[in-house]
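Q: Pasting in a structure now, in structure tokens, and then I'll have a few things to ask.
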Amino acid sequence: MNIAVIGAGCGGQAIAGYLAAKGNEVNLYNRSIDRIRLLLKKKEIELKGEIQTKGKLNLVTTNISKAVRGTELIMVVTTANGHYDIASALAPHLQDGQIIVLNPGRTFGSLEFMNTLLEKGLDADVTIAEANTLIYATRIIKPGLSDVKGIKNSVSVSVIPNHRTSYVVSILNENYPQFYGTKSFLSTSLGNIGAVFHPTITLLNREKIIRKETFDFYRDGATREVVDYMKQVDNERRTLARKFGVNVQSIREWLCERYSLPDSNLFDALHNNPFYAGLAAPTTFDMRYLTEDIPTGLVPFSELGKSVRIDTNCIDDLISKASMELKVDFRSQGRNLKRLGLDASTIFEDLRRVSELETLTEYKAAVGASVGGD
């Protein structure tokens, strides 16, 4: 298969290296040259840890047009707060039949991506999918060498247009049998557990991070008090999901299933997960646990809650804390209803229309030419 991997961070390099090792022709794109400078000549990625292999890349580039030209599958492996910029850059270069997979989409990634492509004048008939989570727990040792610490047993995928789900999953399963389809993007989006884990542990360990203490993010940061608060955040997310007709796993259920852990309480599951051992806590608030998970996770949760009058007090508290720490208005900059092309008064109808559309251009015709954006 001809595949483009967009983003040369931890996940992008691991996915690109693995797909290339499986015999696919893989193009790796990164917006800045610094991260891929060494790969421009070497064009090889080695994986160690849970996967031990090497993959030779076809192309390494900062030119997104060259990266996606002639490819069948486009794996977007960037932080979700970069999806708007990636979609804007991709829109003029996409071709009929291409499949775009957001790894992961976080909350409503595929919806924002679709709106942005259409806003930027997309003409091609493409398919957009969002994965619920990144398949790997991985870190870059150096450019071209990735340490895969863990592999998820299963990863749910939703697709827009929804009727193409089985086809997209069949394509993904050629290399990743772990991917399976869900009924709609509501399942993957409201199943976003990273938005529960990351901001809660980060913000409730504020003093340690300010002092730049060294500690394990999950094993030391997830104290019993922090875990109790995390459960409250998760209860708000699951209440919201039920209101929209979606049954999502609790964070405890998700954790035990994805990592094949013994059934236990949330505190023990976090502390006994071998894949989380040694993952260092951040020493700054200006990192993806807040800059990604707040605007692309907690903000859309809160926005949905307000639209249907469901209290999200704990979620709102975390958004406020993060906004104050980073002096950023995450509500205006994040995935609010306006950016997602949704209206509080017609929220159920808006979401139903997206889940039932036949093509992206059909959606554009239904809602008008101006969709998405700021």
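Residue numbers start at 1 in each chain; chains themselves are named A, B, ... in the order of the structure tokens; ligands are numbered from 1 in the order shown.
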Considering only C-alpha atoms, return as a PyMOL selection string whatever protein or nucleic-acid residues lie within 8 Å of Val246 (chain A), sequence-local ones (same chain, fewer than 2 positions apart) excluded.

A: chain A and resi 186-187+190+241-244+248

Q: Skip Lys321 (chain A) itself and residues of its chain fewer than 5 positions away, then list as a compact mmCIF listing (two decimals) with C-alpha atoms, in the first residue's frame all residues within 9 Å of it, counting only C-alpha atoms.

A:
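The resulting selection_38.txt:
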```txt
# COMPACT_ATOMS: atom_id res chain seq x y z
CA LEU A 203 -3.33 20.03 37.37
CA ASP A 316 -15.22 23.10 33.91
CA LEU A 326 -1.21 29.08 30.79
```

Q: Within 12 Å of Asp85 (chain A), counting only C-alpha atoms, which residues qualify if same-chain residues fewer than 3 places away don't, as a PDB file with C-alpha atoms, in the first residue's frame?

A:
```pdb
ATOM      1  CA  ILE A   6       1.764  13.083   8.715  1.00  0.00           C
ATOM      2  CA  ARG A  31       6.055  20.545   9.069  1.00  0.00           C
ATOM      3  CA  ILE A  64       2.815  17.947   2.204  1.00  0.00           C
ATOM      4  CA  VAL A  76      -2.300  11.832  10.642  1.00  0.00           C
ATOM      5  CA  THR A  78       0.000  14.781  15.362  1.00  0.00           C
ATOM      6  CA  THR A  79      -1.420  16.323  18.504  1.00  0.00           C
ATOM      7  CA  ALA A  80      -5.107  16.996  17.966  1.00  0.00           C
ATOM      8  CA  ASN A  81      -4.728  20.745  18.442  1.00  0.00           C
ATOM      9  CA  GLY A  82      -2.803  20.669  15.152  1.00  0.00           C
ATOM     10  CA  SER A  88      -5.937  23.418   5.947  1.00  0.00           C
ATOM     11  CA  ALA A  89      -2.635  22.363   4.402  1.00  0.00           C
ATOM     12  CA  LEU A  90      -4.033  19.092   3.009  1.00  0.00           C
ATOM     13  CA  ALA A  91      -7.235  20.419   1.429  1.00  0.00           C
ATOM     14  CA  GLU A 112     -13.414  19.515  12.878  1.00  0.00           C
ATOM     15  CA  PHE A 113     -11.212  18.023  10.149  1.00  0.00           C
ATOM     16  CA  THR A 116     -11.887  22.584   7.839  1.00  0.00           C
ATOM     17  CA  LEU A 117     -11.371  20.685   4.578  1.00  0.00           C
ATOM     18  CA  LYS A 120     -10.681  25.386   2.530  1.00  0.00           C
ATOM     19  CA  GLY A 373     -12.823  27.598  11.094  1.00  0.00           C
ATOM     20  CA  ASP A 374     -12.563  30.242  13.783  1.00  0.00           C
TER      21      ASP A 374
END
```

Q: For CA of Gly144 (chain A) and CA of Leu279 (chain A), determine how far apart the two atoms are, in Å to one decimal place.

A: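 Calculated distance between CA of Gly144 (chain A) and CA of Leu279 (chain A) is 20.6 Å.
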
Q: Can you list, as number ranges by chain, every residue of region 119-318 of chain A that DSSP puts in strand (DSSP E)?

A: A: 127-131, 136-142, 145-151, 155-160, 179-181

Q: Each residue of region 168-205 of chain A with at least one atom at most 12 Å from region 332-354 of chain A should appear once, together with its nearest atom pair and the corresponding distance in Å (one decimal); atoms considered: only C-alpha atoms; ordering: chain, then increasing residue number; output as a Markdown table.

A:
```
| residue | atom | partner | partner_atom | distance |
| --- | --- | --- | --- | --- |
| A:Lys183 | CA | A:Arg352 | CA | 12.0 |
| A:Ser184 | CA | A:Val354 | CA | 9.4 |
| A:Phe185 | CA | A:Val354 | CA | 9.2 |
| A:Leu186 | CA | A:Leu351 | CA | 8.5 |
| A:Ser189 | CA | A:Arg335 | CA | 11.9 |
```

Q: Taking into account only C-alpha atoms, which residue in the set A:Asn265, A:Asn153, A:Ser355, A:Thr202 is nearest to Leu290 (chain A)?

A: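 Of all the options, A:Thr202 lies closest to Leu290 (chain A).
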
Q: Mind dumping a table of every region 147-184 of chain A residue within 12 Å of region 268-276 of chain A, with the nearest atom pair and its distance in Å to one decimal, using only C-alpha atoms, sorted by chain and rising number, as JSON lines?

A:
```
{"residue": "A:Asp147", "atom": "CA", "partner": "A:Phe275", "partner_atom": "CA", "distance": 11.7}
{"residue": "A:Val148", "atom": "CA", "partner": "A:Phe275", "partner_atom": "CA", "distance": 9.6}
{"residue": "A:Lys149", "atom": "CA", "partner": "A:Phe275", "partner_atom": "CA", "distance": 6.0}
{"residue": "A:Gly150", "atom": "CA", "partner": "A:Phe275", "partner_atom": "CA", "distance": 5.7}
{"residue": "A:Ile151", "atom": "CA", "partner": "A:Phe275", "partner_atom": "CA", "distance": 8.9}
{"residue": "A:Lys152", "atom": "CA", "partner": "A:Phe275", "partner_atom": "CA", "distance": 10.2}
```

Q: Tell me, in Å to one decimal, how far CA of Pro92 (chain A) is from CA of Leu73 (chain A).

A: 16.4 Å

Q: Go through A:Gly49, A:Pro282, A:Gly23, A:Gly17 and flag the residue nearest Ile209 (chain A), using only C-alpha atoms for the distances.

A: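 Distance minimum relative to Ile209 (chain A) lands on A:Pro282.
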
Q: Can you list, as a VMD selection string, every protein, DNA or RNA residue that comes within 12 Å of Leu318 (chain A) when you count only C-alpha atoms, leaving out same-chain residues fewer than 2 positions away?

A: chain A and resid 195 to 204 206 229 to 230 232 to 233 289 to 290 293 to 295 297 to 299 301 to 302 312 to 316 320 to 325 330 to 331

Q: With a distance cut-off of 9 Å and only C-alpha atoms, select the neighbouring residues of Leu47 (chain A), excluding the residue or stretch itself and same-chain residues fewer than 2 positions from it, and output the selection as a list in words.

A: Gln13, Ala14, Gly17, Tyr18, Ile45, Gly49, Glu50, Ile51, Gln52, Thr53, Lys54, Gly55, Gly144, Leu145, Ser146, Asp147 and Val148 of chain A

Q: Any chance you can output those residues with N, CA and C atoms as a compact mmCIF listing (two decimals), in the first residue's frame?

A:
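In the end it all went to again.txt:
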```txt
# COMPACT_ATOMS: atom_id res chain seq x y z
N GLN A 13 6.73 8.46 14.04
CA GLN A 13 7.90 7.68 13.66
C GLN A 13 7.67 6.19 13.90
N ALA A 14 6.99 5.85 15.00
CA ALA A 14 6.73 4.43 15.27
C ALA A 14 5.82 3.83 14.21
N GLY A 17 7.70 3.66 10.78
CA GLY A 17 8.69 2.59 10.77
C GLY A 17 8.05 1.22 10.66
N TYR A 18 6.96 1.02 11.42
CA TYR A 18 6.28 -0.27 11.40
C TYR A 18 5.65 -0.55 10.03
N ILE A 45 13.80 3.87 9.91
CA ILE A 45 13.38 3.96 11.30
C ILE A 45 13.47 2.58 11.93
N GLY A 49 11.94 -2.49 21.73
CA GLY A 49 10.95 -2.67 22.78
C GLY A 49 9.96 -3.75 22.41
N GLU A 50 8.66 -3.44 22.43
CA GLU A 50 7.62 -4.41 22.11
C GLU A 50 7.64 -4.82 20.63
N ILE A 51 8.21 -3.98 19.77
CA ILE A 51 8.39 -4.30 18.36
C ILE A 51 9.87 -4.12 18.04
N GLN A 52 10.46 -5.11 17.41
CA GLN A 52 11.86 -5.00 17.03
C GLN A 52 11.99 -5.24 15.53
N THR A 53 12.14 -4.15 14.81
CA THR A 53 12.21 -4.23 13.36
C THR A 53 12.78 -2.93 12.81
N LYS A 54 13.03 -2.90 11.51
CA LYS A 54 13.48 -1.69 10.83
C LYS A 54 12.64 -1.50 9.57
N GLY A 55 12.34 -0.25 9.26
CA GLY A 55 11.58 0.04 8.06
C GLY A 55 12.26 1.11 7.23
N GLY A 144 14.81 8.41 14.20
CA GLY A 144 15.05 7.14 13.53
C GLY A 144 15.15 5.95 14.46
N LEU A 145 15.02 6.18 15.77
CA LEU A 145 15.04 5.08 16.74
C LEU A 145 13.95 5.31 17.77
N SER A 146 12.94 4.44 17.76
CA SER A 146 11.79 4.57 18.65
C SER A 146 11.69 3.38 19.59
N ASP A 147 11.33 3.66 20.83
CA ASP A 147 11.13 2.63 21.84
C ASP A 147 9.63 2.44 22.03
N VAL A 148 9.10 1.32 21.53
CA VAL A 148 7.67 1.03 21.66
C VAL A 148 7.47 0.33 23.01
```

Q: Calculated over only C-alpha atoms, which of the candidates A:Gln178, A:Ser166, A:Thr133, A:Asn24 has the smallest distance to Gly194 (chain A)?

A: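 Of A:Gln178, A:Ser166, A:Thr133, A:Asn24, the one nearest Gly194 (chain A), counting only C-alpha atoms, is A:Thr133.
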
Q: With a distance cut-off of 9 Å and only C-alpha atoms, select the neighbouring residues of Ala16 (chain A), excluding the residue or stretch itself and same-chain residues fewer than 4 positions from it, and output the selection as a list in words.

A: Ile3, Ala4, Val5, Ala8, Gly11, Gly12, Ala20, Ala21, Val26, Asn27, Leu28, Ile45, Gly55, Leu57 and Met75 of chain A

Q: Generate a file of the selected residues that holds C-alpha atoms, formatted as a PDB file, in the first residue's frame.

A:
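Saved file result.pdb follows:
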```pdb
ATOM      1  CA  ILE A   3       0.829   5.421   2.721  1.00  0.00           C
ATOM      2  CA  ALA A   4       1.584   8.937   3.968  1.00  0.00           C
ATOM      3  CA  VAL A   5       2.323   9.476   7.659  1.00  0.00           C
ATOM      4  CA  ALA A   8       7.271  12.740  12.809  1.00  0.00           C
ATOM      5  CA  GLY A  11       3.703   8.142  17.343  1.00  0.00           C
ATOM      6  CA  GLY A  12       4.420   9.170  13.771  1.00  0.00           C
ATOM      7  CA  ALA A  20       7.480   0.465   6.134  1.00  0.00           C
ATOM      8  CA  ALA A  21       8.798  -2.728   7.752  1.00  0.00           C
ATOM      9  CA  VAL A  26       5.685   5.022   3.230  1.00  0.00           C
ATOM     10  CA  ASN A  27       6.145   8.784   2.910  1.00  0.00           C
ATOM     11  CA  LEU A  28       6.864  10.647   6.157  1.00  0.00           C
ATOM     12  CA  ILE A  45      13.376   3.958  11.296  1.00  0.00           C
ATOM     13  CA  GLY A  55      11.583   0.043   8.059  1.00  0.00           C
ATOM     14  CA  LEU A  57      10.994   4.939   4.065  1.00  0.00           C
ATOM     15  CA  MET A  75      -2.218   8.522   8.752  1.00  0.00           C
TER      16      MET A  75
END
```

Q: Of the candidates A:Leu122, A:Met114, A:Ile140, A:Val60, which one gets nearest to Pro161 (chain A) if we count only C-alpha atoms?

A: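 Closest candidate: A:Met114.
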
Q: Please return as JSON, numbers by chain: the residues of region 136-175 of chain A that backbone DSSP assigns to alpha helix (DSSP H).

A: {"A": [165, 166, 167, 168, 169, 170, 171, 172, 173]}

Q: Restricting it to N, CA and C atoms, dump the selection as a PDB file, in the first residue's frame.

A:
```pdb
ATOM      1  N   THR A 165     -17.444   2.563   6.968  1.00  0.00           N
ATOM      2  CA  THR A 165     -16.689   2.068   8.111  1.00  0.00           C
ATOM      3  C   THR A 165     -16.042   0.714   7.852  1.00  0.00           C
ATOM      4  N   SER A 166     -16.822  -0.248   7.373  1.00  0.00           N
ATOM      5  CA  SER A 166     -16.276  -1.599   7.194  1.00  0.00           C
ATOM      6  C   SER A 166     -15.144  -1.597   6.167  1.00  0.00           C
ATOM      7  N   TYR A 167     -15.263  -0.768   5.133  1.00  0.00           N
ATOM      8  CA  TYR A 167     -14.207  -0.689   4.130  1.00  0.00           C
ATOM      9  C   TYR A 167     -12.920  -0.126   4.729  1.00  0.00           C
ATOM     10  N   VAL A 168     -13.040   0.962   5.479  1.00  0.00           N
ATOM     11  CA  VAL A 168     -11.860   1.580   6.093  1.00  0.00           C
ATOM     12  C   VAL A 168     -11.190   0.615   7.068  1.00  0.00           C
ATOM     13  N   VAL A 169     -11.989  -0.056   7.872  1.00  0.00           N
ATOM     14  CA  VAL A 169     -11.421  -1.010   8.834  1.00  0.00           C
ATOM     15  C   VAL A 169     -10.698  -2.135   8.107  1.00  0.00           C
ATOM     16  N   SER A 170     -11.254  -2.600   6.993  1.00  0.00           N
ATOM     17  CA  SER A 170     -10.590  -3.666   6.233  1.00  0.00           C
ATOM     18  C   SER A 170      -9.234  -3.212   5.708  1.00  0.00           C
ATOM     19  N   ILE A 171      -9.137  -1.950   5.299  1.00  0.00           N
ATOM     20  CA  ILE A 171      -7.861  -1.404   4.833  1.00  0.00           C
ATOM     21  C   ILE A 171      -6.864  -1.336   5.993  1.00  0.00           C
ATOM     22  N   LEU A 172      -7.312  -0.837   7.134  1.00  0.00           N
ATOM     23  CA  LEU A 172      -6.429  -0.723   8.302  1.00  0.00           C
ATOM     24  C   LEU A 172      -5.991  -2.085   8.803  1.00  0.00           C
ATOM     25  N   ASN A 173      -6.890  -3.057   8.735  1.00  0.00           N
ATOM     26  CA  ASN A 173      -6.582  -4.393   9.253  1.00  0.00           C
ATOM     27  C   ASN A 173      -5.504  -5.115   8.453  1.00  0.00           C
TER      28      ASN A 173
END
```

Q: For a test of reading the model, state the distance in Å between CA of Phe285 (chain A) and CA of Gln249 (chain A), rounded to one decimal.

A: 28.1 Å

Q: Here is a test: counting only C-alpha atoms, which residue of A:Trp254, A:Val308, A:Asp286, A:Ala280 is nearest to Thr239 (chain A)?

A: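 Residue with the minimum atom-to-atom distance to Thr239 (chain A): A:Val308.
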
Q: Check the smallest atom-to-atom distance from each of A:Glu358, A:Met1, A:Lys142, A:Leu261 to Leu38 (chain A) using only C-alpha atoms, then report the winner.

A: A:Lys142
